[in-house]
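Undergrad: Pasting final19.csv here (CSV, N, CA and C atoms):
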chain,number,residue,atom,x,y,z
A,1,THR,N,18.2,-8.5,18.5
A,1,THR,CA,19.1,-7.4,18.5
A,1,THR,C,20.4,-8.0,17.8
A,2,TYR,N,20.9,-7.2,16.9
A,2,TYR,CA,22.1,-7.6,16.2
A,2,TYR,C,23.2,-6.7,16.5
A,3,ALA,N,24.4,-7.2,17.0
A,3,ALA,CA,25.5,-6.4,17.3
A,3,ALA,C,26.7,-6.9,16.5
A,4,PHE,N,27.2,-6.2,15.6
A,4,PHE,CA,28.3,-6.6,14.8
A,4,PHE,C,29.6,-5.8,15.1
A,5,GLY,N,30.7,-6.4,15.2
A,5,GLY,CA,32.0,-5.7,15.2
A,5,GLY,C,32.5,-5.5,13.8
A,6,ILE,N,33.5,-4.7,13.7
A,6,ILE,CA,34.2,-4.5,12.4
A,6,ILE,C,34.8,-5.8,12.0
A,7,GLY,N,34.6,-6.2,10.7
A,7,GLY,CA,35.2,-7.5,10.2
A,7,GLY,C,34.1,-8.3,9.5
A,8,VAL,N,34.3,-9.6,9.4
A,8,VAL,CA,33.4,-10.5,8.7
A,8,VAL,C,32.8,-11.4,9.7
A,9,THR,N,31.5,-11.6,9.6
A,9,THR,CA,30.8,-12.5,10.4
A,9,THR,C,29.7,-13.2,9.6
A,10,THR,N,29.2,-14.3,10.1
A,10,THR,CA,28.1,-15.1,9.4
A,10,THR,C,26.9,-14.9,10.3
A,11,VAL,N,25.8,-14.6,9.6
A,11,VAL,CA,24.5,-14.4,10.2
A,11,VAL,C,23.6,-15.5,9.7
A,12,THR,N,22.8,-16.1,10.6
A,12,THR,CA,21.8,-17.1,10.3
A,12,THR,C,20.5,-16.5,10.4
A,13,TRP,N,19.7,-16.5,9.3
A,13,TRP,CA,18.3,-15.9,9.3
A,13,TRP,C,17.4,-17.1,9.5
A,14,ILE,N,16.4,-17.0,10.4
A,14,ILE,CA,15.4,-18.1,10.6
A,14,ILE,C,14.1,-17.4,10.4
A,15,VAL,N,13.2,-17.9,9.5
A,15,VAL,CA,11.9,-17.3,9.3
A,15,VAL,C,10.9,-18.4,9.6
A,16,SER,N,9.8,-18.0,10.3
A,16,SER,CA,8.7,-19.0,10.5
A,16,SER,C,7.4,-18.3,10.3
A,17,ASP,N,6.4,-19.1,9.9
A,17,ASP,CA,5.1,-18.6,9.7
A,17,ASP,C,4.2,-19.0,10.9
A,18,GLY,N,2.9,-18.6,10.8
A,18,GLY,CA,2.0,-18.8,11.9
A,18,GLY,C,1.6,-20.3,12.1
A,19,VAL,N,1.9,-21.2,11.2
A,19,VAL,CA,1.5,-22.6,11.3
A,19,VAL,C,2.7,-23.5,11.6
A,20,GLY,N,3.9,-23.0,11.9
A,20,GLY,CA,5.0,-23.8,12.3
A,20,GLY,C,6.0,-24.1,11.2
A,21,ASN,N,5.8,-23.7,10.0
A,21,ASN,CA,6.8,-23.9,9.0
A,21,ASN,C,8.0,-22.9,9.2
A,22,THR,N,9.2,-23.4,9.0
A,22,THR,CA,10.4,-22.6,9.2
A,22,THR,C,11.4,-22.8,8.0
A,23,ALA,N,12.2,-21.8,7.8
A,23,ALA,CA,13.2,-21.9,6.8
A,23,ALA,C,14.4,-21.1,7.3
A,24,SER,N,15.6,-21.4,6.9
A,24,SER,CA,16.8,-20.7,7.4
A,24,SER,C,17.8,-20.6,6.3
A,25,CYS,N,18.7,-19.6,6.4
A,25,CYS,CA,19.8,-19.5,5.5
A,25,CYS,C,20.9,-18.7,6.2
A,26,GLU,N,22.1,-18.9,5.7
A,26,GLU,CA,23.3,-18.2,6.3
A,26,GLU,C,23.7,-17.2,5.3
A,27,GLN,N,24.2,-16.0,5.8
A,27,GLN,CA,24.7,-15.0,5.0
A,27,GLN,C,26.0,-14.4,5.6
A,28,THR,N,27.0,-14.2,4.8
A,28,THR,CA,28.3,-13.6,5.3
A,28,THR,C,28.1,-12.1,5.2
A,29,VAL,N,28.4,-11.4,6.3
A,29,VAL,CA,28.3,-10.0,6.3
A,29,VAL,C,29.7,-9.4,6.6
A,30,THR,N,30.1,-8.4,5.9
A,30,THR,CA,31.3,-7.6,6.1
A,30,THR,C,31.0,-6.3,6.6
A,31,VAL,N,31.5,-5.9,7.8
A,31,VAL,CA,31.2,-4.6,8.4
A,31,VAL,C,32.5,-3.8,8.3
A,32,LYS,N,32.3,-2.6,7.7
A,32,LYS,CA,33.5,-1.7,7.5
A,32,LYS,C,33.2,-0.4,8.3
A,33,ALA,N,34.2,0.2,8.8
A,33,ALA,CA,34.1,1.5,9.5
A,33,ALA,C,34.3,2.6,8.5
A,34,THR,N,33.3,3.5,8.5
A,34,THR,CA,33.5,4.7,7.6
A,34,THR,C,33.0,5.9,8.4
A,35,GLY,N,33.6,7.0,8.1
A,35,GLY,CA,33.1,8.3,8.8
A,35,GLY,C,33.6,8.3,10.2
A,36,ASN,N,32.9,9.1,11.1
A,36,ASN,CA,33.3,9.2,12.5
A,36,ASN,C,32.6,8.2,13.3
A,37,CYS,N,33.3,7.1,13.6
A,37,CYS,CA,32.7,6.0,14.3
A,37,CYS,C,32.6,6.3,15.8
A,38,SER,N,33.2,7.4,16.3
A,38,SER,CA,33.1,7.7,17.7
A,38,SER,C,31.8,8.4,18.1
A,39,SER,N,31.0,8.8,17.1
A,39,SER,CA,29.8,9.5,17.5
A,39,SER,C,28.8,8.6,18.2
A,40,LYS,N,28.2,9.1,19.2
A,40,LYS,CA,27.2,8.3,19.9
A,40,LYS,C,25.9,8.5,19.2
A,41,LEU,N,25.3,7.3,18.8
A,41,LEU,CA,24.0,7.4,18.1
A,41,LEU,C,23.0,6.9,19.1
A,42,LEU,N,21.8,6.7,18.6
A,42,LEU,CA,20.7,6.3,19.5
A,42,LEU,C,20.9,4.9,20.1
A,43,THR,N,20.4,4.8,21.3
A,43,THR,CA,20.6,3.5,22.0
A,43,THR,C,19.3,2.9,22.4
A,44,ASP,N,18.2,3.6,22.3
A,44,ASP,CA,16.9,3.0,22.7
A,44,ASP,C,16.0,2.9,21.5
A,45,PHE,N,15.9,1.7,20.9
A,45,PHE,CA,15.3,1.5,19.6
A,45,PHE,C,14.6,0.1,19.7
A,46,ASN,N,13.3,0.1,19.6
A,46,ASN,CA,12.6,-1.2,19.6
A,46,ASN,C,12.8,-1.9,18.3
A,47,SER,N,13.6,-2.9,18.2
A,47,SER,CA,13.9,-3.6,17.0
A,47,SER,C,12.9,-4.6,16.5
A,48,GLY,N,11.9,-4.9,17.4
A,48,GLY,CA,10.8,-5.7,17.1
A,48,GLY,C,9.5,-5.1,17.5
A,49,PHE,N,8.5,-5.2,16.7
A,49,PHE,CA,7.2,-4.7,17.1
A,49,PHE,C,6.1,-5.5,16.4
A,50,SER,N,4.9,-5.3,17.0
A,50,SER,CA,3.7,-6.1,16.5
A,50,SER,C,2.6,-5.2,16.2
A,51,PRO,N,2.5,-4.7,15.0
A,51,PRO,CA,1.4,-3.8,14.6
A,51,PRO,C,0.1,-4.5,14.4
A,52,ASN,N,-0.5,-5.1,15.5
A,52,ASN,CA,-1.7,-5.8,15.4
A,52,ASN,C,-2.9,-5.1,16.0
A,53,GLY,N,-2.7,-3.9,16.4
A,53,GLY,CA,-3.8,-3.1,16.9
A,53,GLY,C,-4.2,-3.4,18.4
A,54,ASP,N,-3.4,-4.1,19.1
A,54,ASP,CA,-3.7,-4.4,20.5
A,54,ASP,C,-3.2,-3.3,21.5
A,55,GLY,N,-2.6,-2.2,21.0
A,55,GLY,CA,-2.1,-1.1,21.8
A,55,GLY,C,-0.8,-1.4,22.4
A,56,ILE,N,-0.1,-2.5,22.2
A,56,ILE,CA,1.2,-2.8,22.7
A,56,ILE,C,2.2,-2.9,21.6
A,57,ALA,N,3.2,-2.1,21.5
A,57,ALA,CA,4.2,-2.1,20.5
A,57,ALA,C,3.6,-2.1,19.1
A,58,ASP,N,2.6,-1.3,18.8
A,58,ASP,CA,2.0,-1.3,17.5
A,58,ASP,C,2.7,-0.4,16.5
A,59,THR,N,3.7,0.4,16.9
A,59,THR,CA,4.5,1.2,16.0
A,59,THR,C,6.0,1.1,16.3
A,60,LEU,N,6.8,1.4,15.3
A,60,LEU,CA,8.2,1.4,15.5
A,60,LEU,C,8.6,2.7,16.3
A,61,VAL,N,9.1,2.6,17.5
A,61,VAL,CA,9.5,3.7,18.4
A,61,VAL,C,11.0,3.9,18.4
A,62,ILE,N,11.4,5.1,18.1
A,62,ILE,CA,12.9,5.4,18.2
A,62,ILE,C,13.0,6.5,19.2
A,63,GLU,N,13.2,6.2,20.4
A,63,GLU,CA,13.3,7.3,21.5
A,63,GLU,C,14.5,8.2,21.3
A,64,GLY,N,14.3,9.4,21.4
A,64,GLY,CA,15.3,10.4,21.2
A,64,GLY,C,15.5,10.9,19.8
A,65,LEU,N,15.0,10.3,18.8
A,65,LEU,CA,15.2,10.7,17.5
A,65,LEU,C,14.6,12.1,17.2
A,66,GLU,N,13.5,12.4,17.9
A,66,GLU,CA,12.9,13.7,17.7
A,66,GLU,C,13.8,14.9,18.0
A,67,ASP,N,14.9,14.6,18.8
A,67,ASP,CA,15.9,15.7,19.1
A,67,ASP,C,16.7,16.1,17.8
A,68,TYR,N,16.7,15.2,16.8
A,68,TYR,CA,17.4,15.5,15.6
A,68,TYR,C,16.3,16.0,14.6
A,69,LYS,N,16.1,17.3,14.5
A,69,LYS,CA,15.0,18.0,13.8
A,69,LYS,C,15.0,17.7,12.3
A,70,ASN,N,16.1,17.3,11.7
A,70,ASN,CA,16.1,17.1,10.2
A,70,ASN,C,16.0,15.6,9.9
A,71,ASN,N,15.7,14.7,10.8
A,71,ASN,CA,15.8,13.3,10.6
A,71,ASN,C,14.8,12.8,9.6
A,72,VAL,N,15.1,11.7,8.9
A,72,VAL,CA,14.2,11.0,8.0
A,72,VAL,C,14.4,9.5,8.3
A,73,VAL,N,13.3,8.8,8.5
A,73,VAL,CA,13.3,7.3,8.8
A,73,VAL,C,12.8,6.6,7.5
A,74,LYS,N,13.6,5.7,7.0
A,74,LYS,CA,13.2,4.9,5.8
A,74,LYS,C,13.2,3.4,6.2
A,75,ILE,N,12.2,2.7,5.7
A,75,ILE,CA,12.1,1.3,6.0
A,75,ILE,C,12.1,0.6,4.6
A,76,TYR,N,12.9,-0.5,4.5
A,76,TYR,CA,13.1,-1.2,3.3
A,76,TYR,C,12.8,-2.7,3.6
A,77,ASP,N,12.3,-3.4,2.6
A,77,ASP,CA,12.2,-4.9,2.8
A,77,ASP,C,13.6,-5.4,2.4
A,78,LEU,N,13.7,-6.7,2.5
A,78,LEU,CA,15.1,-7.3,2.2
A,78,LEU,C,15.4,-7.4,0.8
A,79,SER,N,14.5,-7.0,-0.1
A,79,SER,CA,14.7,-6.8,-1.5
A,79,SER,C,15.1,-5.4,-1.9
A,80,GLN,N,15.3,-4.6,-0.8
A,80,GLN,CA,15.7,-3.2,-0.9
A,80,GLN,C,14.6,-2.3,-1.5
A,81,ARG,N,13.4,-2.7,-1.4
A,81,ARG,CA,12.2,-1.9,-1.9
A,81,ARG,C,11.8,-1.0,-0.7
A,82,LEU,N,11.7,0.3,-1.0
A,82,LEU,CA,11.4,1.3,0.0
A,82,LEU,C,9.9,1.2,0.3
A,83,LEU,N,9.6,0.9,1.6
A,83,LEU,CA,8.2,0.8,2.1
A,83,LEU,C,7.7,2.0,2.8
A,84,PHE,N,8.6,2.8,3.4
A,84,PHE,CA,8.1,3.9,4.2
A,84,PHE,C,9.3,4.9,4.3
A,85,SER,N,8.9,6.2,4.3
A,85,SER,CA,9.9,7.3,4.4
A,85,SER,C,9.2,8.5,5.0
A,86,ALA,N,9.6,8.9,6.2
A,86,ALA,CA,9.0,10.1,6.8
A,86,ALA,C,9.9,10.7,7.9
A,87,HIS,N,9.6,11.9,8.2
A,87,HIS,CA,10.3,12.6,9.4
A,87,HIS,C,9.7,12.0,10.6
A,88,TYR,N,10.5,11.7,11.6
A,88,TYR,CA,10.1,11.2,12.9
A,88,TYR,C,10.1,12.3,14.0
A,89,GLY,N,8.9,12.7,14.4
A,89,GLY,CA,8.8,13.8,15.4
A,89,GLY,C,8.5,13.2,16.8
A,90,GLY,N,8.3,11.9,16.9
A,90,GLY,CA,8.0,11.3,18.2
A,90,GLY,C,7.2,10.0,17.9
A,91,PRO,N,6.8,9.3,19.0
A,91,PRO,CA,6.1,8.0,18.9
A,91,PRO,C,4.9,8.0,18.0
A,92,GLY,N,4.2,9.2,17.8
A,92,GLY,CA,3.0,9.2,17.0
A,92,GLY,C,3.4,9.2,15.5
A,93,ASP,N,4.7,9.3,15.2
A,93,ASP,CA,5.2,9.3,13.8
A,93,ASP,C,5.8,7.9,13.4
A,94,GLY,N,5.8,7.0,14.3
A,94,GLY,CA,6.4,5.7,14.1
A,94,GLY,C,5.7,4.9,13.0
A,95,TRP,N,6.5,4.1,12.3
A,95,TRP,CA,6.0,3.2,11.2
A,95,TRP,C,5.0,2.2,11.8
A,96,ASP,N,3.9,2.0,11.2
A,96,ASP,CA,2.8,1.1,11.7
A,96,ASP,C,2.8,-0.2,11.0
A,97,GLY,N,3.9,-0.5,10.3
A,97,GLY,CA,4.0,-1.9,9.6
A,97,GLY,C,3.1,-2.1,8.4
A,98,THR,N,2.8,-0.9,7.8
A,98,THR,CA,2.0,-1.1,6.5
A,98,THR,C,2.7,-0.5,5.3
A,99,HIS,N,2.3,-0.9,4.2
A,99,HIS,CA,2.8,-0.4,2.9
A,99,HIS,C,1.6,-0.4,1.9
A,100,LYS,N,1.4,0.8,1.4
A,100,LYS,CA,0.2,1.0,0.5
A,100,LYS,C,-1.1,0.5,1.1
A,101,GLY,N,-1.2,0.8,2.4
A,101,GLY,CA,-2.5,0.5,3.1
A,101,GLY,C,-2.7,-0.9,3.6
A,102,SER,N,-1.7,-1.8,3.3
A,102,SER,CA,-1.8,-3.2,3.8
A,102,SER,C,-0.7,-3.5,4.7
A,103,ARG,N,-0.9,-4.4,5.6
A,103,ARG,CA,0.1,-4.9,6.6
A,103,ARG,C,1.2,-5.6,5.8
A,104,VAL,N,2.4,-5.4,6.2
A,104,VAL,CA,3.6,-6.1,5.6
A,104,VAL,C,3.6,-7.5,6.2
A,105,PRO,N,4.2,-8.5,5.5
A,105,PRO,CA,4.3,-9.8,6.0
A,105,PRO,C,5.2,-9.9,7.3
A,106,VAL,N,5.0,-10.8,8.1
A,106,VAL,CA,5.9,-11.1,9.3
A,106,VAL,C,7.3,-11.3,8.7
A,107,GLY,N,8.3,-10.7,9.3
A,107,GLY,CA,9.7,-10.9,8.9
A,107,GLY,C,10.6,-9.7,9.2
A,108,SER,N,11.8,-9.8,8.7
A,108,SER,CA,12.8,-8.8,8.9
A,108,SER,C,12.8,-7.7,7.9
A,109,TYR,N,13.1,-6.5,8.4
A,109,TYR,CA,13.1,-5.3,7.5
A,109,TYR,C,14.3,-4.5,7.9
A,110,VAL,N,14.7,-3.5,7.1
A,110,VAL,CA,15.9,-2.7,7.3
A,110,VAL,C,15.4,-1.3,7.6
A,111,CYS,N,15.8,-0.7,8.7
A,111,CYS,CA,15.4,0.7,9.1
A,111,CYS,C,16.7,1.5,8.9
A,112,VAL,N,16.6,2.6,8.1
A,112,VAL,CA,17.7,3.5,7.9
A,112,VAL,C,17.3,4.9,8.5
A,113,ILE,N,18.1,5.4,9.4
A,113,ILE,CA,17.8,6.7,10.0
A,113,ILE,C,18.8,7.7,9.4
A,114,ASP,N,18.4,8.6,8.7
A,114,ASP,CA,19.2,9.7,8.2
A,114,ASP,C,19.1,10.9,9.2
A,115,TYR,N,20.1,11.2,9.9
A,115,TYR,CA,20.1,12.3,10.9
A,115,TYR,C,20.0,13.7,10.2
A,116,ASN,N,20.7,13.8,9.0
A,116,ASN,CA,20.8,15.1,8.3
A,116,ASN,C,21.3,16.2,9.2
A,117,GLU,N,22.3,15.9,10.0
A,117,GLU,CA,22.9,16.8,10.9
A,117,GLU,C,24.5,16.8,10.7
A,118,PRO,N,25.1,17.9,10.9
A,118,PRO,CA,26.6,17.9,10.8
A,118,PRO,C,27.2,16.9,11.7
A,119,GLU,N,28.2,16.2,11.2
A,119,GLU,CA,29.0,15.1,11.9
A,119,GLU,C,28.2,13.8,12.1
A,120,LEU,N,26.9,13.8,11.7
A,120,LEU,CA,26.2,12.5,11.8
A,120,LEU,C,25.7,12.1,10.4
A,121,GLY,N,26.0,10.9,10.1
A,121,GLY,CA,25.6,10.3,8.8
A,121,GLY,C,24.2,9.7,8.9
A,122,HIS,N,24.3,8.3,9.0
A,122,HIS,CA,23.0,7.6,9.1
A,122,HIS,C,23.3,6.4,10.0
A,123,GLN,N,22.2,5.8,10.4
A,123,GLN,CA,22.3,4.6,11.2
A,123,GLN,C,21.3,3.5,10.6
A,124,THR,N,21.8,2.3,10.5
A,124,THR,CA,21.0,1.2,9.9
A,124,THR,C,20.8,0.1,10.9
A,125,LYS,N,19.6,-0.4,11.1
A,125,LYS,CA,19.3,-1.5,12.0
A,125,LYS,C,18.3,-2.4,11.3
A,126,MET,N,18.4,-3.7,11.7
A,126,MET,CA,17.4,-4.6,11.3
A,126,MET,C,16.3,-4.5,12.3
A,127,ILE,N,15.0,-4.6,11.8
A,127,ILE,CA,13.9,-4.7,12.7
A,127,ILE,C,13.0,-5.9,12.3
A,128,TYR,N,12.2,-6.3,13.2
A,128,TYR,CA,11.4,-7.5,12.9
A,128,TYR,C,9.9,-7.2,13.2
A,129,VAL,N,9.0,-7.5,12.2
A,129,VAL,CA,7.6,-7.3,12.4
A,129,VAL,C,7.0,-8.7,12.7
A,130,ASN,N,6.1,-8.8,13.7
A,130,ASN,CA,5.4,-10.0,14.0
A,130,ASN,C,4.1,-9.6,14.5
A,131,TYR,N,3.1,-10.4,14.2
A,131,TYR,CA,1.7,-10.1,14.6
A,131,TYR,C,1.2,-11.0,15.7
What would you get if you wrote out this structure as structure tokens?

TA:
Amino acid sequence: TYAFGIGVTTVTWIVSDGVGNTASCEQTVTVKATGNCSSKLLTDFNSGFSPNGDGIADTLVIEGLEDYKNNVVKIYDLSQRLLFSAHYGGPGDGWDGTHKGSRVPVGSYVCVIDYNEPELGHQTKMIYVNY
């Protein structure tokens, strides 16, 4: 889970594969407040999931998002390539960790939720896929 306040902070990314190799890098992130920052957005969001077919956390679940009837969920890789875009009507509509029929690699992805509602813009969160 990533929680940033307004300002500048440094984030350390650590990536590992299934055989014990790891790599890390640091990135400076600037967080700016825009729009109505007092709006309460979603609070129950599984930021990590494992779409391995075992029936446990196999899709990205965003509880309560179905209440926003015009929503669109978009998933991007860290190169800003769009991997998934769809309306979320409930857990059955959650992203299953695939792109063009294949599983995406283990790692971090960006989830953008467009509420498409008056007074609500969008919400962006980092998510992590692991098998």

Undergrad: Got a sec: who's within 7 Å of stretch 119-128 of chain A, counting only C-alpha atoms, leaving out chain neighbours fewer than 5 positions off, as JSON, numbers by chain?

TA: {"A": [47, 48, 49, 107, 108, 109, 110, 111, 112, 113, 114]}

Undergrad: Using DSSP secondary structure from the backbone, list all strand (DSSP E or B) positions within chain A, as a ChimeraX atom specification.

TA: /A:7-16,22-31,45,48-49,62,72-76,82-86,98-99,102-103,107-117,120-129

Undergrad: For a test of reading the model, state the distance in Å between atom C of A:Lys74 and atom C of A:Gly20, rounded to one decimal.

TA: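 Separation of atom C of A:Lys74 and atom C of A:Gly20: 28.9 Å.
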
Undergrad: Please measure the separation of atom CA of A:Val72 and atom CA of A:Gly90, giving the value in Å to one decimal.

TA: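 About the pair atom CA of A:Val72 and atom CA of A:Gly90: they are 11.9 Å apart.
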
Undergrad: Counting only N, CA and C atoms, figure out which residue out of A:Val29, A:Val61, A:Asn21, A:Pro118 gets nearest to A:Phe45.

TA: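 Ranked by minimum distance to A:Phe45, first place goes to A:Val61.
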
Undergrad: Hey, can you check how far atom C of A:Thr28 sits from atom N of A:Leu78?

TA: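 We find that atom C of A:Thr28 and atom N of A:Leu78 lie 15.6 Å from each other.
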
Undergrad: Within 7 Å of (1.5, -10.4, 15.7) (file coordinates; all atoms listed in the file), which protein or nucleic acid residues are there? I'd like them as a list in words.

TA: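 Neighbouring residues, ordered by chain and number, come to Phe49, Ser50, Pro51, Asn52, Val129, Asn130 and Tyr131 of chain A.
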
Undergrad: Complete stretch 72-82 of chain A at the level of all heavy atoms, written as a short mmCIF file (atom, residue, chain, number, x, y, z; two decimals), in the coordinates of the input.

TA:
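Done, and the output landed in rebuild_18.cif:
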data_model
loop_
_atom_site.label_atom_id
_atom_site.label_comp_id
_atom_site.auth_asym_id
_atom_site.auth_seq_id
_atom_site.Cartn_x
_atom_site.Cartn_y
_atom_site.Cartn_z
N VAL A 72 15.10 11.70 8.90
CA VAL A 72 14.20 11.00 8.00
C VAL A 72 14.40 9.50 8.30
O VAL A 72 15.53 8.99 8.37
CB VAL A 72 14.49 11.25 6.55
CG1 VAL A 72 13.59 10.39 5.67
CG2 VAL A 72 14.29 12.73 6.24
N VAL A 73 13.30 8.80 8.50
CA VAL A 73 13.30 7.30 8.80
C VAL A 73 12.80 6.60 7.50
O VAL A 73 11.81 7.01 6.93
CB VAL A 73 12.43 6.93 9.94
CG1 VAL A 73 12.35 5.42 10.09
CG2 VAL A 73 12.93 7.58 11.22
N LYS A 74 13.60 5.70 7.00
CA LYS A 74 13.20 4.90 5.80
C LYS A 74 13.20 3.40 6.20
O LYS A 74 14.11 2.92 6.90
CB LYS A 74 14.22 5.12 4.71
CG LYS A 74 14.21 6.55 4.22
CD LYS A 74 15.23 6.77 3.13
CE LYS A 74 15.23 8.25 2.74
NZ LYS A 74 16.25 8.53 1.73
N ILE A 75 12.20 2.70 5.70
CA ILE A 75 12.10 1.30 6.00
C ILE A 75 12.10 0.60 4.60
O ILE A 75 11.37 0.94 3.70
CB ILE A 75 10.72 0.92 6.68
CG1 ILE A 75 10.54 1.73 7.96
CG2 ILE A 75 10.64 -0.59 6.93
CD1 ILE A 75 11.53 1.47 9.05
N TYR A 76 12.90 -0.50 4.50
CA TYR A 76 13.10 -1.20 3.30
C TYR A 76 12.80 -2.70 3.60
O TYR A 76 13.10 -3.19 4.71
CB TYR A 76 14.52 -1.16 2.77
CG TYR A 76 14.95 0.22 2.35
CD1 TYR A 76 15.53 1.10 3.25
CD2 TYR A 76 14.80 0.63 1.03
CE1 TYR A 76 15.94 2.36 2.86
CE2 TYR A 76 15.21 1.89 0.62
CZ TYR A 76 15.78 2.75 1.54
OH TYR A 76 16.19 4.00 1.15
N ASP A 77 12.30 -3.40 2.60
CA ASP A 77 12.20 -4.90 2.80
C ASP A 77 13.60 -5.40 2.40
O ASP A 77 14.46 -4.69 1.98
CB ASP A 77 11.05 -5.49 1.97
CG ASP A 77 11.16 -5.32 0.47
OD1 ASP A 77 12.25 -5.01 -0.05
OD2 ASP A 77 10.14 -5.54 -0.22
N LEU A 78 13.70 -6.70 2.50
CA LEU A 78 15.10 -7.30 2.20
C LEU A 78 15.40 -7.40 0.80
O LEU A 78 16.54 -7.69 0.40
CB LEU A 78 15.14 -8.74 2.86
CG LEU A 78 15.03 -8.75 4.39
CD1 LEU A 78 15.18 -10.18 4.92
CD2 LEU A 78 16.05 -7.83 5.05
N SER A 79 14.50 -7.00 -0.10
CA SER A 79 14.70 -6.80 -1.50
C SER A 79 15.10 -5.40 -1.90
O SER A 79 15.20 -5.03 -3.03
CB SER A 79 13.51 -7.24 -2.36
OG SER A 79 13.20 -8.59 -2.15
N GLN A 80 15.30 -4.60 -0.80
CA GLN A 80 15.70 -3.20 -0.90
C GLN A 80 14.60 -2.30 -1.50
O GLN A 80 14.87 -1.24 -2.07
CB GLN A 80 17.02 -3.03 -1.73
CG GLN A 80 18.15 -3.76 -1.09
CD GLN A 80 19.44 -3.65 -1.87
OE1 GLN A 80 19.51 -3.06 -2.94
NE2 GLN A 80 20.50 -4.22 -1.33
N ARG A 81 13.40 -2.70 -1.40
CA ARG A 81 12.20 -1.90 -1.90
C ARG A 81 11.80 -1.00 -0.70
O ARG A 81 11.60 -1.42 0.42
CB ARG A 81 11.06 -2.82 -2.24
CG ARG A 81 9.82 -2.07 -2.69
CD ARG A 81 8.74 -3.02 -3.14
NE ARG A 81 8.46 -4.01 -2.11
CZ ARG A 81 7.24 -4.43 -1.80
NH1 ARG A 81 6.19 -4.01 -2.46
NH2 ARG A 81 7.07 -5.32 -0.84
N LEU A 82 11.70 0.30 -1.00
CA LEU A 82 11.40 1.30 0.00
C LEU A 82 9.90 1.20 0.30
O LEU A 82 9.03 1.22 -0.55
CB LEU A 82 11.64 2.72 -0.50
CG LEU A 82 11.28 3.86 0.45
CD1 LEU A 82 12.14 3.81 1.70
CD2 LEU A 82 11.45 5.20 -0.26
#
